[in-house]
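Trainee: I am sharing entry_18.txt, which consists of compact mmCIF, C-alpha atoms:
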```txt
# COMPACT_ATOMS: atom_id res chain seq x y z
CA MET A 1 -1.44 15.57 13.87
CA ASN A 2 0.67 14.03 16.60
CA PHE A 3 2.48 16.93 18.30
CA THR A 4 4.77 16.82 21.33
CA GLN A 5 4.02 19.62 23.76
CA LEU A 6 7.17 21.35 25.05
CA SER A 7 7.61 23.01 28.43
CA ASN A 8 7.81 26.47 26.82
CA GLY A 9 4.32 26.06 25.36
CA LEU A 10 5.44 25.30 21.81
CA SER A 11 4.45 22.22 19.84
CA GLU A 12 7.00 20.04 18.03
CA CYS A 13 6.80 17.16 15.58
CA PHE A 14 8.22 15.47 12.53
CA ALA A 15 5.96 15.95 9.54
CA LEU A 16 5.65 15.20 5.87
CA VAL A 17 5.59 18.24 3.57
CA LYS A 18 2.47 17.72 1.46
CA LYS A 19 2.40 21.20 -0.06
CA CYS A 20 4.81 24.13 0.08
CA GLU A 21 4.50 27.47 -1.69
CA VAL A 22 6.47 30.70 -1.37
CA LYS A 23 4.03 33.61 -1.17
CA LYS A 24 4.21 37.30 -0.32
CA THR A 25 2.36 39.40 2.22
CA LYS A 26 0.65 42.64 1.25
CA ASN A 27 3.91 44.38 2.16
CA GLY A 28 5.90 42.12 -0.18
CA ALA A 29 7.57 40.04 2.53
CA PRO A 30 8.01 36.37 1.54
CA TYR A 31 6.51 33.57 3.63
CA LEU A 32 5.94 29.84 3.34
CA ASP A 33 2.40 28.55 3.02
CA MET A 34 2.47 24.83 3.78
CA ILE A 35 0.37 21.75 4.38
CA LEU A 36 2.08 19.38 6.81
CA GLY A 37 0.86 15.93 7.72
CA ASP A 38 1.33 12.61 9.39
CA LYS A 39 -0.77 9.44 9.40
CA ASP A 40 -3.24 11.08 11.81
CA GLY A 41 -4.05 14.09 9.64
CA ASP A 42 -2.96 17.37 8.07
CA ILE A 43 -2.52 20.92 9.27
CA SER A 44 -2.07 24.24 7.50
CA ALA A 45 1.21 25.89 8.49
CA LYS A 46 2.78 29.30 7.95
CA LEU A 47 6.40 30.42 8.29
CA TRP A 48 6.52 34.22 8.31
CA ASP A 49 9.55 36.39 7.50
CA TYR A 50 10.90 33.49 5.47
CA SER A 51 14.29 33.44 3.74
CA GLY A 52 16.28 30.60 2.28
CA SER A 53 15.34 27.50 0.31
CA ALA A 54 11.88 26.01 0.68
CA PRO A 55 11.44 22.40 1.80
CA GLN A 56 10.59 20.04 -1.03
CA GLU A 57 7.22 18.35 -1.15
CA ASP A 58 7.26 14.72 0.07
CA SER A 59 10.26 15.50 2.28
CA VAL A 60 10.28 15.07 6.06
CA VAL A 61 10.88 18.09 8.29
CA LYS A 62 11.12 18.76 11.99
CA VAL A 63 9.01 21.74 12.98
CA ARG A 64 8.36 23.71 16.14
CA GLY A 65 5.73 26.36 16.63
CA THR A 66 2.36 27.37 18.02
CA VAL A 67 -0.95 25.78 17.11
CA GLU A 68 -3.52 28.54 16.68
CA GLN A 69 -7.12 28.85 15.53
CA TYR A 70 -7.72 30.52 12.17
CA ASN A 71 -11.17 30.68 10.55
CA GLY A 72 -12.34 27.88 12.84
CA ARG A 73 -9.49 25.51 11.98
CA GLU A 74 -6.13 24.75 13.53
CA GLN A 75 -3.07 26.32 11.94
CA LEU A 76 0.59 25.99 12.88
CA ARG A 77 2.62 29.19 13.18
CA ILE A 78 6.15 27.86 12.62
CA THR A 79 9.03 29.30 14.61
CA GLN A 80 11.67 26.73 13.60
CA ILE A 81 11.92 24.26 10.76
CA ARG A 82 14.65 22.02 9.35
CA GLN A 83 15.00 18.99 7.12
CA ALA A 84 15.01 15.66 8.93
CA VAL A 85 18.30 13.75 8.85
CA GLU A 86 19.10 10.04 9.14
CA SER A 87 20.09 10.35 12.81
CA ASP A 88 16.66 11.75 13.75
CA ASP A 89 14.42 9.48 15.79
CA TYR A 90 11.31 9.20 13.61
CA ARG A 91 9.58 6.42 11.69
CA LEU A 92 8.28 7.01 8.18
CA GLU A 93 5.38 4.67 9.01
CA GLU A 94 4.15 7.31 11.48
CA LEU A 95 4.01 9.98 8.77
CA VAL A 96 2.35 8.26 5.81
CA PRO A 97 -0.51 5.75 5.52
CA SER A 98 1.00 2.40 6.48
CA SER A 99 -0.02 -1.17 7.17
CA GLU A 100 -0.62 -1.84 10.86
CA ILE A 101 1.39 -5.03 10.38
CA GLY A 102 4.98 -4.60 9.18
CA GLY A 103 5.74 -5.80 5.67
CA ARG A 104 8.68 -7.84 6.93
CA GLN A 105 6.45 -9.68 9.39
CA VAL A 106 4.03 -10.56 6.61
CA TYR A 107 6.88 -11.57 4.29
CA ASP A 108 8.21 -13.94 6.96
CA MET A 109 4.74 -15.43 7.47
CA LEU A 110 4.40 -16.10 3.74
CA MET A 111 7.83 -17.64 3.46
CA ARG A 112 7.13 -20.00 6.38
CA ARG A 113 4.35 -21.42 4.25
CA VAL A 114 6.56 -21.71 1.19
CA LEU A 115 9.34 -23.51 3.07
CA GLU A 116 6.81 -26.14 4.11
CA PHE A 117 5.77 -26.90 0.52
CA LYS A 118 6.14 -30.54 -0.52
CA ASP A 119 6.19 -29.58 -4.19
CA SER A 120 9.86 -28.71 -4.79
CA ASP A 121 9.12 -26.96 -8.11
CA PHE A 122 6.60 -24.48 -6.70
CA LYS A 123 8.85 -23.96 -3.67
CA ALA A 124 11.84 -23.17 -5.90
CA ILE A 125 9.98 -20.68 -8.11
CA VAL A 126 8.28 -18.81 -5.28
CA THR A 127 11.40 -18.69 -3.12
CA ASP A 128 13.54 -17.46 -6.02
CA ILE A 129 11.23 -14.54 -6.82
CA MET A 130 10.37 -13.61 -3.24
CA GLU A 131 13.96 -13.59 -2.02
CA SER A 132 15.26 -11.63 -5.01
CA LYS A 133 12.57 -8.93 -4.58
CA LYS A 134 12.35 -8.93 -0.79
CA GLU A 135 13.48 -5.37 -0.04
CA ALA A 136 10.98 -3.91 -2.50
CA LEU A 137 8.16 -6.26 -1.51
CA VAL A 138 8.16 -5.45 2.21
CA THR A 139 7.41 -1.75 1.69
CA CYS A 140 5.57 -1.66 -1.66
CA PRO A 141 1.97 -0.40 -1.68
CA ALA A 142 -0.53 -2.55 -3.57
CA ALA A 143 -1.90 0.30 -5.68
CA PHE A 144 -1.49 3.90 -6.79
CA ARG A 145 -4.75 5.30 -5.40
CA LEU A 146 -7.16 2.44 -4.66
CA HIS A 147 -7.00 -0.57 -2.36
CA HIS A 148 -4.03 -1.00 -0.01
CA ALA A 149 -2.28 2.13 -1.36
CA ILE A 150 -0.21 2.29 1.83
CA LEU A 151 3.31 1.36 2.89
CA GLY A 152 3.39 -2.42 3.21
CA GLY A 153 0.04 -2.64 1.45
CA LEU A 154 1.17 -5.23 -1.08
CA MET A 155 2.20 -7.70 1.62
CA LEU A 156 -1.00 -7.03 3.58
CA HIS A 157 -3.15 -7.66 0.48
CA THR A 158 -1.19 -10.81 -0.34
CA ALA A 159 -1.45 -12.17 3.20
CA SER A 160 -5.21 -11.64 3.26
CA ILE A 161 -5.62 -13.63 0.06
CA VAL A 162 -3.33 -16.40 1.33
CA ARG A 163 -5.29 -16.75 4.57
CA MET A 164 -8.61 -16.90 2.71
CA ALA A 165 -7.15 -19.39 0.23
CA GLU A 166 -6.09 -21.66 3.08
CA GLU A 167 -9.62 -21.71 4.46
CA ILE A 168 -11.05 -22.50 1.03
CA CYS A 169 -8.70 -25.47 0.73
CA LYS A 170 -10.15 -26.88 3.95
CA ILE A 171 -13.61 -26.85 2.43
CA TYR A 172 -12.80 -27.85 -1.14
CA THR A 173 -10.28 -30.65 -0.83
CA ASN A 174 -10.00 -31.02 -4.63
CA VAL A 175 -8.11 -27.69 -4.76
CA ASN A 176 -4.32 -27.97 -4.96
CA ARG A 177 -3.24 -25.94 -1.93
CA GLU A 178 0.38 -25.36 -2.92
CA LEU A 179 -0.52 -24.29 -6.46
CA LEU A 180 -3.14 -21.88 -5.12
CA LEU A 181 -0.82 -20.42 -2.46
CA SER A 182 2.01 -20.07 -4.96
CA GLY A 183 -0.20 -18.09 -7.32
CA ALA A 184 -1.57 -16.01 -4.46
CA ILE A 185 1.89 -15.11 -3.16
CA LEU A 186 3.23 -14.17 -6.60
CA HIS A 187 0.16 -12.65 -8.26
CA ASP A 188 1.11 -8.99 -7.61
CA ALA A 189 4.86 -9.32 -6.96
CA ALA A 190 5.78 -7.50 -10.18
CA LYS A 191 4.05 -4.35 -8.92
CA THR A 192 7.45 -3.62 -7.38
CA SER A 193 8.59 -2.91 -10.96
CA GLU A 194 5.31 -1.50 -12.24
CA PHE A 195 5.32 1.58 -10.01
CA THR A 196 7.53 4.57 -9.39
CA PHE A 197 7.82 5.73 -5.79
CA SER A 198 8.10 9.05 -3.99
CA LYS A 199 10.57 9.71 -1.20
CA THR A 200 7.89 8.49 1.21
CA GLY A 201 7.70 5.06 -0.41
CA LEU A 202 4.16 5.65 -1.66
CA VAL A 203 3.38 5.20 -5.34
CA SER A 204 3.89 8.34 -7.43
CA GLY A 205 3.14 6.89 -10.87
CA TYR A 206 4.00 4.12 -13.28
CA SER A 207 7.43 3.09 -14.54
CA GLN A 208 8.26 2.33 -18.18
CA ASP A 209 7.83 -1.35 -17.36
CA GLY A 210 4.46 -0.58 -15.83
CA GLU A 211 3.23 1.45 -18.77
CA LEU A 212 4.60 -0.80 -21.52
CA VAL A 213 4.31 -4.28 -19.98
CA GLY A 214 2.38 -4.23 -16.68
CA HIS A 215 2.63 -6.42 -13.60
CA LEU A 216 0.58 -9.31 -14.98
CA VAL A 217 2.84 -9.93 -17.96
CA GLU A 218 6.05 -9.11 -16.11
CA GLY A 219 5.06 -11.40 -13.22
CA ALA A 220 4.49 -14.26 -15.66
CA MET A 221 7.90 -13.54 -17.20
CA TRP A 222 9.51 -13.73 -13.76
CA VAL A 223 7.94 -17.15 -13.21
CA ARG A 224 9.21 -18.44 -16.53
CA GLU A 225 12.73 -17.16 -15.87
CA ALA A 226 12.79 -18.64 -12.34
CA ALA A 227 11.54 -21.96 -13.68
CA GLN A 228 14.37 -22.04 -16.19
CA ARG A 229 16.93 -21.30 -13.48
CA HIS A 230 15.65 -24.22 -11.41
CA ASN A 231 14.97 -26.66 -14.26
CA VAL A 232 11.23 -26.74 -13.62
CA ALA A 233 9.22 -28.30 -16.43
CA PRO A 234 7.71 -25.54 -18.63
CA GLU A 235 4.23 -27.06 -18.48
CA LYS A 236 4.27 -26.80 -14.68
CA ALA A 237 5.51 -23.22 -14.62
CA LEU A 238 2.77 -22.44 -17.14
CA LEU A 239 0.16 -23.01 -14.44
CA LEU A 240 1.59 -20.19 -12.32
CA GLU A 241 2.03 -17.99 -15.38
CA HIS A 242 -1.64 -18.46 -16.23
CA MET A 243 -2.75 -17.65 -12.68
CA ILE A 244 -0.85 -14.36 -12.75
CA LEU A 245 -2.06 -13.43 -16.23
CA SER A 246 -5.70 -14.25 -15.48
CA HIS A 247 -6.11 -12.93 -11.94
CA HIS A 248 -7.82 -9.70 -13.01
CA GLY A 249 -10.59 -11.93 -14.38
CA ASN A 250 -12.00 -10.11 -17.39
CA PRO A 251 -10.12 -8.61 -20.35
CA GLU A 252 -11.66 -5.20 -19.57
CA PHE A 253 -9.69 -5.24 -16.29
CA GLY A 254 -6.40 -6.07 -17.98
CA SER A 255 -6.22 -9.86 -18.05
CA PRO A 256 -5.29 -11.24 -21.48
CA VAL A 257 -7.05 -14.52 -20.59
CA MET A 258 -9.81 -15.56 -18.20
CA PRO A 259 -9.13 -18.20 -15.51
CA LYS A 260 -9.19 -21.70 -17.00
CA PHE A 261 -8.72 -23.94 -13.94
CA VAL A 262 -10.13 -23.83 -10.46
CA GLU A 263 -7.08 -22.46 -8.59
CA ALA A 264 -6.85 -19.58 -11.08
CA GLN A 265 -10.57 -18.85 -10.64
CA ILE A 266 -10.25 -18.84 -6.85
CA LEU A 267 -7.28 -16.47 -6.97
CA SER A 268 -9.13 -14.07 -9.24
CA ALA A 269 -12.21 -14.10 -7.01
CA LEU A 270 -10.20 -13.59 -3.81
CA ASP A 271 -8.19 -10.76 -5.35
CA THR A 272 -11.40 -8.90 -6.15
CA LEU A 273 -12.98 -9.75 -2.80
CA ASP A 274 -10.06 -8.48 -0.73
CA ALA A 275 -9.78 -5.26 -2.74
CA ASN A 276 -13.52 -4.63 -2.34
CA ILE A 277 -13.51 -5.30 1.40
CA TYR A 278 -10.64 -2.86 1.87
CA GLU A 279 -12.35 -0.16 -0.21
CA PHE A 280 -15.67 -0.63 1.63
CA HIS A 281 -13.90 -0.28 4.97
CA SER A 282 -11.85 2.75 3.92
CA ALA A 283 -14.83 4.60 2.49
CA THR A 284 -17.32 3.95 5.30
CA ALA A 285 -14.73 4.80 7.97
CA LYS A 286 -14.85 8.41 6.71
CA VAL A 287 -18.54 8.90 7.56
CA GLN A 288 -20.54 8.60 10.75
CA PRO A 289 -22.79 5.59 11.52
CA GLY A 290 -26.12 6.00 9.77
CA GLU A 291 -24.60 8.03 6.93
CA PHE A 292 -23.80 7.25 3.31
CA THR A 293 -20.48 7.91 1.59
CA ASP A 294 -20.06 9.84 -1.63
CA ARG A 295 -20.31 7.72 -4.76
CA GLN A 296 -17.33 5.36 -5.05
CA TRP A 297 -16.35 5.11 -8.71
CA SER A 298 -14.21 2.01 -8.06
CA LEU A 299 -17.28 0.21 -6.68
CA ASP A 300 -19.72 0.76 -9.55
CA ASN A 301 -20.32 4.36 -8.46
CA ARG A 302 -22.28 3.21 -5.42
CA LYS A 303 -22.95 5.18 -2.26
CA LEU A 304 -21.95 2.98 0.68
CA PHE A 305 -23.73 2.83 4.05
CA ASN A 306 -22.00 2.87 7.43
CA HIS A 307 -24.34 0.72 9.53
CA GLY A 308 -22.28 1.30 12.67
CA ILE A 309 -22.07 -2.40 13.57
CA SER A 310 -18.38 -2.62 12.88
CA GLY A 311 -15.76 -5.25 13.59
CA THR A 312 -12.17 -4.60 14.56
CA GLN A 313 -9.80 -2.51 12.45
CA HIS A 314 -9.02 -3.99 9.04
CA THR A 315 -6.01 -6.23 9.45
CA VAL A 316 -4.89 -9.80 8.87
CA LYS A 317 -4.06 -12.41 11.46
CA LEU A 318 -0.49 -13.70 11.35
CA ASP A 319 0.60 -17.17 12.40
```
Once you've parsed the file, please lay out its structure as structure tokens.
Mentor:
Amino acid sequence: MNFTQLSNGLSECFALVKKCEVKKTKNGAPYLDMILGDKDGDISAKLWDYSGSAPQEDSVVKVRGTVEQYNGREQLRITQIRQAVESDDYRLEELVPSSEIGGRQVYDMLMRRVLEFKDSDFKAIVTDIMESKKEALVTCPAAFRLHHAILGGLMLHTASIVRMAEEICKIYTNVNRELLLSGAILHDAAKTSEFTFSKTGLVSGYSQDGELVGHLVEGAMWVREAAQRHNVAPEKALLLEHMILSHHGNPEFGSPVMPKFVEAQILSALDTLDANIYEFHSATAKVQPGEFTDRQWSLDNRKLFNHGISGTQHTVKLD
């Protein structure tokens, strides 16, 4: 964890409460047994001679205490603790897994592309949805537990697909660039309604919309509604609806239809590719070069190998 060392020898930090239990010593005195964390890691923490209300899990606290060794691991003996308040100088992105590139930066990059569209219908639909959902989009993770399940993860995932799609259009000139980019930008936008979120902004579960409808169907509904607001021909909006509905590829992965034109097929393939690349990177980063990971159920239960010849940290170039 990222502690600040004080002149009196104590350590201080803002931290996320990941676990908090009220327990009793052998003498019956209550104490708090906690797990605190930030984006750099977790630490076990104890507050002895405790009285009062316990901090809630997923809340942010400011703590001060002494880092000690206990059974070969670091443990924080807390001397002071309080709930963080709005006036405190901390960033939530420093406490929970977050995209290295801010969601607002990525959103702006995507919208620069949209504003340059020559097709006024695709521009109108994408702009309508993106602007109406902006505040949710810039922080939303892309998943509950799997790929890009971090603050800003949805925008990072989307930007990666858009950049790859642009390169594909340079090679295959028969691909309609603005149709492909429109589908790429909108394909997961309805995840902002599919999920429920904790106080940290990370996904805590699925909403009623998510359980009963899902982001594929809801995203297609958003396209149809936006098209109606902007008098876009239904047959043109249908192309974007199909891309959203088919981007999971096979029915076993949730798509009611398989891709039926080339831009839809490309989107589906890039969606899978980007998710897999992220999961490979995340899993192999947890083991040393020359070692294998545990079996990864999301990747066909494979053990993955860290060959040690790594590139730079997973990110996406903005321009």
Trainee: In Å to one decimal, how far is CA of Gly41 (chain A) from CA of Gly290 (chain A)?
Mentor: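 Separation between CA of Gly290 (chain A) and CA of Gly41 (chain A): 23.5 Å.
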Trainee: I want to know what sits within 12 Å of Met109 (chain A), based on all atoms listed in the file, with residues of the same chain fewer than 6 positions away left out; could you give that as JSON, numbers by chain?
Mentor: {"A": [101, 102, 103, 115, 116, 138, 155, 156, 158, 159, 160, 162, 163, 185, 316, 317, 318, 319]}
Trainee: Give the answer as one residue: which of A:Leu180, A:Met221, A:Ile81, A:Cys140 has the shortest atom-to-atom distance to Phe195 (chain A), using all atoms listed in the file?
Mentor: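 Closest residue, counting all atoms listed in the file: A:Cys140.
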Trainee: For the point (7.8, 24.0, -0.4) in file coordinates, what residues are within 12 Å, counting all atoms listed in the file? Give the answer as JSON, numbers by chain?
Mentor: {"A": [16, 17, 18, 19, 20, 21, 22, 23, 31, 32, 33, 34, 35, 36, 45, 46, 47, 50, 52, 53, 54, 55, 56, 57, 58, 59, 60, 61, 81, 83]}
Trainee: May I ask for the distance between CA of Asp49 (chain A) and CA of Arg77 (chain A), given in Å to one decimal place?
Mentor: 11.5 Å
Trainee: Nearest residue to Leu299 (chain A) out of A:Glu279, A:Glu225, A:Asp121, A:Glu100, using only C-alpha atoms?
Mentor: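 Closest to Leu299 (chain A) of all the choices is A:Glu279.
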Trainee: Quick one: pull the distance between CA of Leu304 (chain A) and CA of Thr272 (chain A), Å, one decimal.
Mentor: 17.3 Å
Trainee: Identify the residues within 7 Å of coordinate (-10.2, -18.0, -17.6) (same frame as the file), considering only C-alpha atoms, and give the answer as a PyMOL selection string.
Mentor: chain A and resi 246+249+257-260
